[in-house]
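Beneath this line is the structure, given in structure tokens, with notes to follow.
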Amino acid sequence: MGKQLIKNIKGLVQAGEQIPSIIRGAQMHSLPIIENAYLLLDDNEVRAYGPMHTLLELKDLEAIEIIDATNCFVLPAFIDSHTHTVFATSREEEFVDRINGLSYEEIAARGGGILNSAKKLEQMSEEALYEASRTRINKMIARGTGAIEIKSGYGLSKEGELKMLRVIKKLQETLPIAIKGTFLGAHAIPSSYSDNREGYIGMLIDELLPHIAENKLAAYIDVFCERNYFSVEEMCQILEAGARFGLKGKVHVNQFSVLGGVPAAISRGAISVDHLEEIDIADINALAKSNCIATLLPGCSHFLSIPFGAANDLIDANAIVALASDFNPGSAPSYDLMHILSLACIKMKMTPQSAINALTINAAAALELQDTHGKIALGRKSPIILTNEIPSLAYLAYAYSENHIQRVFI
């Protein structure tokens with residue numbers, strides 16, 4: 001890679017040595033920007049940055065790639081802290097069902113949704129699943145994503161879940177992007193266990209968790225805590241079992257209803273609680289008093305026509321807010337975090353500054369990558385985005401159909 005000098009940058013975003021590891025409250029609306037700046041990289045490591053007038057004369061210019069960023073911005077690559085990127089095939093037939101009036105829950109009740117993806121994944125070879133997922137991730141990188149979380153949860157059997165987790169581990173080992181794996185065996189009750197919920201949960205805890213821990217197949221454990229899926233009590237049982245094997249919680253809660261899952265997950269040490277399309281004041285207060293990250297998924301709200309998360313209520317209460325794509329074949333088939341940025345501003349009335357903080361620093365914290373990702377600082381190799389020429393940073397969210405990415409350094 002060698003040395004690269006990006007010069008004449010219109011705005012160098014989130015570059016600094018004192019930027020905190022998480023941002024909350026009124027700070028969410030503030031974004032440090034160095035105008036008319038430069039950034040010097042050496043094998044993607046940040047060696048120097050600052051205003052152009054402080055750029056010292058460089059020696060051996062022939063060995064340095066010079067990139068003129070006039071009228072362009074440079075910012076940390078976005079972090080996608082909630083995805084289901086490993087799946088077999090798309091589910092556009094269910095998209096048509098929703099157009100014709102069926103809800104997500106109605107489609108699931110007749111064997112669609114998660115169970116549909118599980119059936120398709122069972123029929124796909126591990127190698128084909130890896131190749132399809134690798135292709136998706138390369139597209140995600142090209143659209144400005146610098147790190148991702150990937151969940152299992154479309155296996156819903158011992159063999160299927162392990163197949164997914166092995167694919168995630170291979171992706172970690174073969175791609176240049178940071179990837180965190182999450183065990184989501186508790187995504188739905190498979191039809192083979194429809195009359196034996198306790199048996200399925202017992203299999204997840206007694207058979208899968210020891211193997212996952214021994215082979216380091218996941219960093220986190222997740223549960224879909226929702227009506228018709230897993231109860232708060234079942235979520236707590238699974239989170240506590242995961243903790244015994246060193247897996248931290250990152251859970252689905254409050255997508256369709258408020259069941260008390262948020263405070264229960266916080267009390268079990270969850271790193272993040274994700275979705276939160278439905279929320280009450282008790283949940284907001286619990287998040288405001290904790291370091292658990294509220295991860296909102298506006299792509300899912302948009303696609304399913306369900307409420308958008310109350311981002312500003314959470315921010316005003318001093319909760320830590322992150323954004324993610326929820327990329328999956330059924331309820332959020334977009335991996336483009338620029339699209340998520342725009343939805344957050346248009347539909348949730350987040351400011352561009354707060355949305356960018358939610359997609360960088362706070363999203364990095366939701367994957368415990370705050371020491372390596374989410375901001376630009378000396379000695380870091382954080383993935384970096386160079387935009388096309390744009391009039392302002394707000395234009396990224398405003399011009400929602402444009403491709404704003406000129407180059408990604410990763």
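Residues in the structure tokens are named by chain (A, B, ... in the order shown) and by number from 1 within that chain; ligands are numbered from 1 in the order shown.
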
Can you list, as a CSV table (one decimal) with N, CA and C atoms, in the first residue's frame, every protein, DNA or RNA residue that comes within 10 Å of Val232 in chain A when you count only C-alpha atoms, leaving out same-chain residues fewer than 3 positions away?
chain,number,residue,atom,x,y,z
A,223,VAL,N,-30.8,-13.0,21.1
A,223,VAL,CA,-32.1,-13.6,21.3
A,223,VAL,C,-33.1,-12.6,20.7
A,224,PHE,N,-34.0,-13.2,19.9
A,224,PHE,CA,-35.2,-12.4,19.4
A,224,PHE,C,-36.2,-12.4,20.4
A,225,CYS,N,-36.2,-11.4,21.3
A,225,CYS,CA,-37.2,-11.3,22.4
A,225,CYS,C,-38.4,-10.5,21.9
A,226,GLU,N,-39.4,-11.2,21.6
A,226,GLU,CA,-40.6,-10.6,21.0
A,226,GLU,C,-41.8,-11.6,21.1
A,227,ARG,N,-43.0,-11.0,21.1
A,227,ARG,CA,-44.2,-11.9,21.1
A,227,ARG,C,-44.1,-12.9,19.9
A,235,MET,N,-35.2,-15.2,27.2
A,235,MET,CA,-34.0,-14.4,26.8
A,235,MET,C,-33.0,-14.4,27.9
A,236,CYS,N,-33.5,-14.1,29.2
A,236,CYS,CA,-32.6,-14.1,30.3
A,236,CYS,C,-31.9,-15.4,30.5
A,237,GLN,N,-32.6,-16.5,30.4
A,237,GLN,CA,-32.0,-17.8,30.5
A,237,GLN,C,-30.9,-18.0,29.5
A,238,ILE,N,-31.1,-17.6,28.3
A,238,ILE,CA,-30.1,-17.8,27.2
A,238,ILE,C,-28.9,-16.9,27.4
A,253,VAL,N,-34.8,-6.6,20.6
A,253,VAL,CA,-36.0,-6.3,21.6
A,253,VAL,C,-36.8,-5.2,21.0
A,259,LEU,N,-42.1,-5.6,26.0
A,259,LEU,CA,-42.3,-6.7,27.0
A,259,LEU,C,-41.5,-6.6,28.2
A,260,GLY,N,-40.6,-5.6,28.3
A,260,GLY,CA,-39.7,-5.6,29.5
A,260,GLY,C,-38.3,-6.1,29.2
A,261,GLY,N,-38.1,-6.4,27.9
A,261,GLY,CA,-36.8,-7.0,27.5
A,261,GLY,C,-35.6,-6.0,27.7
A,262,VAL,N,-35.8,-4.7,27.5
A,262,VAL,CA,-34.7,-3.8,27.6
A,262,VAL,C,-34.1,-3.8,29.0
A,263,PRO,N,-34.8,-3.5,30.1
A,263,PRO,CA,-34.1,-3.5,31.4
A,263,PRO,C,-33.6,-4.9,31.7
A,264,ALA,N,-34.3,-5.9,31.3
A,264,ALA,CA,-33.8,-7.3,31.6
A,264,ALA,C,-32.4,-7.5,30.9
A,265,ALA,N,-32.3,-7.1,29.7
A,265,ALA,CA,-31.1,-7.3,28.9
A,265,ALA,C,-30.0,-6.4,29.5

How close does each residue of range 252-370 of chain A get to range 140-145 of chain A, giving the shortest atom pair and distance in Å to one decimal for every residue with an atom at most 8 Å away, counting only C-alpha atoms, sorted by chain and residue number, as CSV?
residue,atom,partner,partner_atom,distance
A:Tyr335,CA,A:Met140,CA,6.2
A:Asp336,CA,A:Arg143,CA,6.1
A:Leu337,CA,A:Thr145,CA,7.0
A:Met338,CA,A:Arg143,CA,7.6

Could you pull out the helix (DSSP H, G or I) residues of range 312-408 of chain A, going by DSSP on the backbone, and write them as a ChimeraX atom specification? /A:312-316,337-348,352-359,361-366,395-398

Write out as a Markdown table a residue-level contact list of range 55-94 of chain A versus range 298-314 of chain A with cut-off 12 Å: for each qualifying residue the closest pair of atoms and the distance in Å to one decimal, counting only C-alpha atoms, rows sorted by chain and residue number upward.
| residue | atom | partner | partner_atom | distance |
| --- | --- | --- | --- | --- |
| A:His82 | CA | A:Cys300 | CA | 11.4 |
| A:Thr83 | CA | A:Cys300 | CA | 11.2 |
| A:Glu92 | CA | A:Phe303 | CA | 11.7 |
| A:Glu94 | CA | A:Leu304 | CA | 10.9 |

Shell of 7 Å around His275 in chain A, only C-alpha atoms, local chain residues under 4 positions omitted, as a PyMOL selection string: chain A and resi 252-255+295-297

Restrict the selected residues to C-alpha atoms and save them as a PDB file, in the first residue's frame.
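The result, stored in again14.pdb:
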ATOM      1  CA  HIS A 252     -33.287  -8.037  19.424  1.00  0.00           C
ATOM      2  CA  VAL A 253     -35.953  -6.316  21.564  1.00  0.00           C
ATOM      3  CA  ASN A 254     -39.024  -4.128  21.110  1.00  0.00           C
ATOM      4  CA  GLN A 255     -39.488  -4.640  17.372  1.00  0.00           C
ATOM      5  CA  THR A 295     -29.066   0.461  18.225  1.00  0.00           C
ATOM      6  CA  LEU A 296     -31.797   1.669  15.876  1.00  0.00           C
ATOM      7  CA  LEU A 297     -32.521   0.035  12.521  1.00  0.00           C
TER       8      LEU A 297
END

What is the distance between CA of Cys292 in chain A and CA of Ile23 in chain A, in Å to one decimal?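 So the answer is 12.3 Å.
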
Could you list, as a count of residues only, every residue within 8 Å of Ser290 in chain A, counting only C-alpha atoms and ignoring same-chain residues fewer than 2 positions away? 6

From a DSSP calculation on the backbone, collect every residue of range 189-325 of chain A in strand (DSSP E) and output the set as an NGL selection string. :A and (220-225 or 248-253 or 272-275 or 293-296 or 320-323)

If you count only C-alpha atoms, which residues fall within 10 Å of range 113-119 of chain A, apart from same-chain ones fewer than 6 positions away, as a ChimeraX atom specification? /A:87-91,94,104-107,153-157,160-161,187-191,328-331

Report, in Å to a single decimal, how far apart CA of Glu277 in chain A and CA of Tyr398 in chain A are. 23.2 Å

For Ala69 in chain A, work out the shell of residues within 6 Å, counting only C-alpha atoms and skipping chain neighbours fewer than 3 positions away, then give it as an MDAnalysis selection string. chainID A and resid 7:9 72

With N, CA and C atoms retained, could you export that selection as a compact mmCIF listing (two decimals), in the first residue's frame?
# COMPACT_ATOMS: atom_id res chain seq x y z
N LYS A 7 -4.68 15.43 0.25
CA LYS A 7 -4.49 16.86 0.53
C LYS A 7 -5.71 17.67 0.06
N ASN A 8 -5.76 18.92 0.51
CA ASN A 8 -6.82 19.85 0.13
C ASN A 8 -8.21 19.31 0.49
N ILE A 9 -8.30 18.56 1.59
CA ILE A 9 -9.59 17.98 2.00
C ILE A 9 -10.52 19.10 2.44
N CYS A 72 -13.89 17.60 -1.42
CA CYS A 72 -14.29 16.27 -0.92
C CYS A 72 -14.10 16.21 0.60

If we count only C-alpha atoms and set the cut-off at 8 Å, which residues sit around range 209-221 of chain A, ignoring sequence neighbours fewer than 4 positions away in its own chain? Please answer as a PyMOL selection string. chain A and resi 162+165-166+168-169+180-184+204-205+239+242+245-251

Keeping only C-alpha atoms, write those residues as a compact mmCIF listing (two decimals), in the first residue's frame.
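Saved result, part.txt, follows:
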# COMPACT_ATOMS: atom_id res chain seq x y z
CA LEU A 162 -22.61 -24.33 13.16
CA LEU A 165 -20.81 -19.73 12.34
CA ARG A 166 -18.04 -21.55 10.44
CA ILE A 168 -18.61 -16.25 9.55
CA LYS A 169 -15.26 -17.37 10.94
CA LYS A 180 -17.64 -9.88 14.76
CA GLY A 181 -19.74 -13.06 14.95
CA THR A 182 -22.95 -13.43 16.97
CA PHE A 183 -24.74 -16.67 17.85
CA LEU A 184 -28.47 -16.17 17.24
CA LEU A 204 -28.87 -24.34 22.19
CA ILE A 205 -27.47 -24.13 25.71
CA LEU A 239 -28.10 -14.68 27.97
CA GLY A 242 -24.03 -17.41 27.03
CA PHE A 245 -19.30 -19.39 28.06
CA GLY A 246 -17.88 -15.89 27.62
CA LEU A 247 -20.43 -14.60 25.11
CA LYS A 248 -21.80 -11.09 25.69
CA GLY A 249 -25.37 -10.12 24.86
CA LYS A 250 -26.50 -8.16 21.79
CA VAL A 251 -30.24 -8.69 21.59

Rounded to one decimal, what separation in Å do you get between CA of Ala241 in chain A and CA of Ala365 in chain A?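 Between CA of Ala241 in chain A and CA of Ala365 in chain A the gap is 23.3 Å.
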
Out of A:Ala26, A:Val408, A:Ala358, A:Met52, which residue has the shortest atom-to-atom distance to Tyr38 in chain A when counting only C-alpha atoms? A:Met52

Between A:Ser103, A:Gln14, A:Gln4, A:Asn357, which has the minimum distance to Asn44 in chain A (counting only C-alpha atoms)?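 Counting only C-alpha atoms, the residue closest to Asn44 in chain A is A:Gln4.
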
Which residue out of A:Val258, A:Leu341, A:Val74, A:Ile66 has the minimum interatomic distance to Ala37 in chain A when only C-alpha atoms are used? A:Val74
